[in-house]
Structures are given as C-alpha cells and as structure tokens.
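What follows is one structure encoded as structure tokens, with my remarks underneath.
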Amino acid sequence: MAAAQQGVTDQTGDAVSGLDWRDGVVPVSRRFDDPYFSLAGGLDEARHVFLAGNGLPGRFRPGFHIAELGFGTGLTMLAALMAWRAAGVAGVLRYTSFEACPLSAPDMARALAAFPEAASVSSAFLAQWAAGATRLVLDGMEAEVIVGDARATLPVWTGLADAWFLDGFSPAKNPELWSADLMAAVARHTAPGGSFATYTAAGHVRRALAAAGFTVDRLPGFGRKRHMTAGVLA
Ligand SMILES: C[S@@+](CC[C@H](N)C(=O)[O-])C[C@H]1O[C@@H](n2cnc3c(N)ncnc32)[C@H](O)[C@@H]1O
C-alpha cells in the first residue's frame, strides 16, 4: 500500500484516523493534541505566516523551491500554489515537504472542504494523493512529500530551499520537530539568501534558528498569536 494511504488500524482492522474535528471542520491530532492549522482560518494563516513571512509572492522566480516541515492536510502547499499562479511567474514552483504521519485522502478532503477558495487546486492534488502519489505534478508546481521522521529524512536530503515553512505542531507538544539539531539541518538545506518563517515565537526555537545562522525577526502573529518569527540566512 502506498505510504500516503497507510493508516493506523484498530483491532478490527478499521482505519483509525487519529483525528478529532473541532467545530466539525478543523482537524486536531489526537497524538499531539493540537490542530493542523489556526482555528481563525488556515488559508489566511498560511498567507500571513508562511507566504508574507518569507517575502512571497515578491521573491518568486522560475524554479523557486519551498520546503516545509509538516505536510499535514496539504493546505499550506495549496496556499503557495494559489499565490504562485496568481503571480503569473513562468515555469514551476518546486515544493518539498517532510511528513512523518501522512493523512488519508478522505481526511485531507474533509479538512480542505472548508476552503472552497482552494477547490480549483485541491481537487487535482487530492486525486493524486488518493492514488498513492507522494510526487505530485500540478499545474504550476512539482511537489514531493518525503515520508518519515524529519530528524532522519532531512539530514540526508540533497536539496536546498529558497524558503522554509516551519509548521510542526506547537513546540511544547511536538518538540522533536523544533530541536536545535533540526534547525541546523534546515539552515544547511537553505540556499544562499534563503529564508524561513514560522507561526511560533518560542524562545528556544528562535535561539536555535539564530545559532543555525539565520537572522531572527519577531513579527506580528496571526489570529490570537501576538508574534511569529521569520528570518534569512545571514
Ligand atoms: C501543524 S501540522 C502541519 C500542517 C500543514 N502544514 C497543513 O497545511 O495542514 C504538523 C505536521 O507535522 C507532522 N510531524 C510531526 N512530527 C514530525 C516529525 N518528527 N517528522 C515529520 N513530520 C512530523 C505531523 O504529522 C503534522 O502533519
């Protein structure tokens, strides 16, 4: 079975999603006890934190490469693709995401259904994901989801990203995705002049990113978060 379709099963063999649904629409991981995106609006959050935080769409150029820690529902990727298409840049946007626990296509479809604005990009993505693809070819984008624990998969990745979307669950609940070692690996896999953005302003994450070689700026956060963090490779 393709990795994207593997799921946890209970003793009867039924698929167990590991999700609760806040207000019926926002997926919440039972394992991490944290939502996949802001309850105040996942698409607007992606645009504020990850796109604007990385100076996008202004920095887009043909072949621009985004990398992400935490693929989740795919919503952040789809926000980037929508911005890319709207910017009218030639060529393709490259997108690489690291994900330890891929969601099933039905769970993703349920999460993405809350964003009708994204329907034009989500339908083709979901069709490929449901077929088991982790390499995705969409109009304007070539994406790869690297399945596995990012602590093992990122250090051996051979790519370099122009922009990083750091989107693990909260550092308090998912500390392994924010460790100093992993932030150093992020920096090693950043192109000269490359950048990162994240919704968190946790002090130890900011210090780890600074130690890894990034400038670290505190910016206004999204929704109820007062601050977020962004920076460039110094
Ligand atoms: C907040 S969600 C990401 C939301 C996502 N960007 C979206 O658009 O829905 C965090 C993700 O990080 C993943 N994750 C947690 N620990 C991980 C690890 N050690 N390696 C790779 N992925 C991990 C979780 O499985 C989850 O999908």
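Ordering of the structure tokens sets the chain letters (A, B, ...), residue numbers begin anew at 1 in every chain, and ligands are numbered from 1 in the order given.
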Practice problem: Output the neighbourhood of ligand 1 as a ChimeraX atom specification, that is, all protein and nucleic acid residues with some atom at most 8 Å from the ligand, counting only C-alpha atoms and all ligand atoms. | Solution: /A:29,34-37,42,46,68-78,98-103,147-151,165,167-170,174,176-177
Exercise. For Val26 of chain A, list every protein, DNA or RNA residue within 7 Å, evaluated using only C-alpha atoms, and leave out those in the same chain fewer than 3 positions away; present the list as a list in words.
Key: Trp21, Arg22, Asp23, Pro35, Leu39 and Ala111 of chain A
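Among A:Asp217, A:Ser104, A:His227, A:Arg206, the residue with the shortest atom-to-atom distance to Asn54 of chain A, counting only C-alpha atoms, is A:Asp217.
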Exercise. Identify, on the basis of only C-alpha atoms, every residue whose closest approach to Leu19 of chain A does not exceed 7 Å; exclude the query and any residue fewer than 4 positions from it along the same chain; express the result as JSON, numbers by chain.
Key: {"A": [27, 28, 29, 30]}
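Remark: for Glu144 of chain A, the closest of the candidate residues A:His65, A:Val205, A:Phe32, A:Asp181 is A:His65 (distances computed over only C-alpha atoms).
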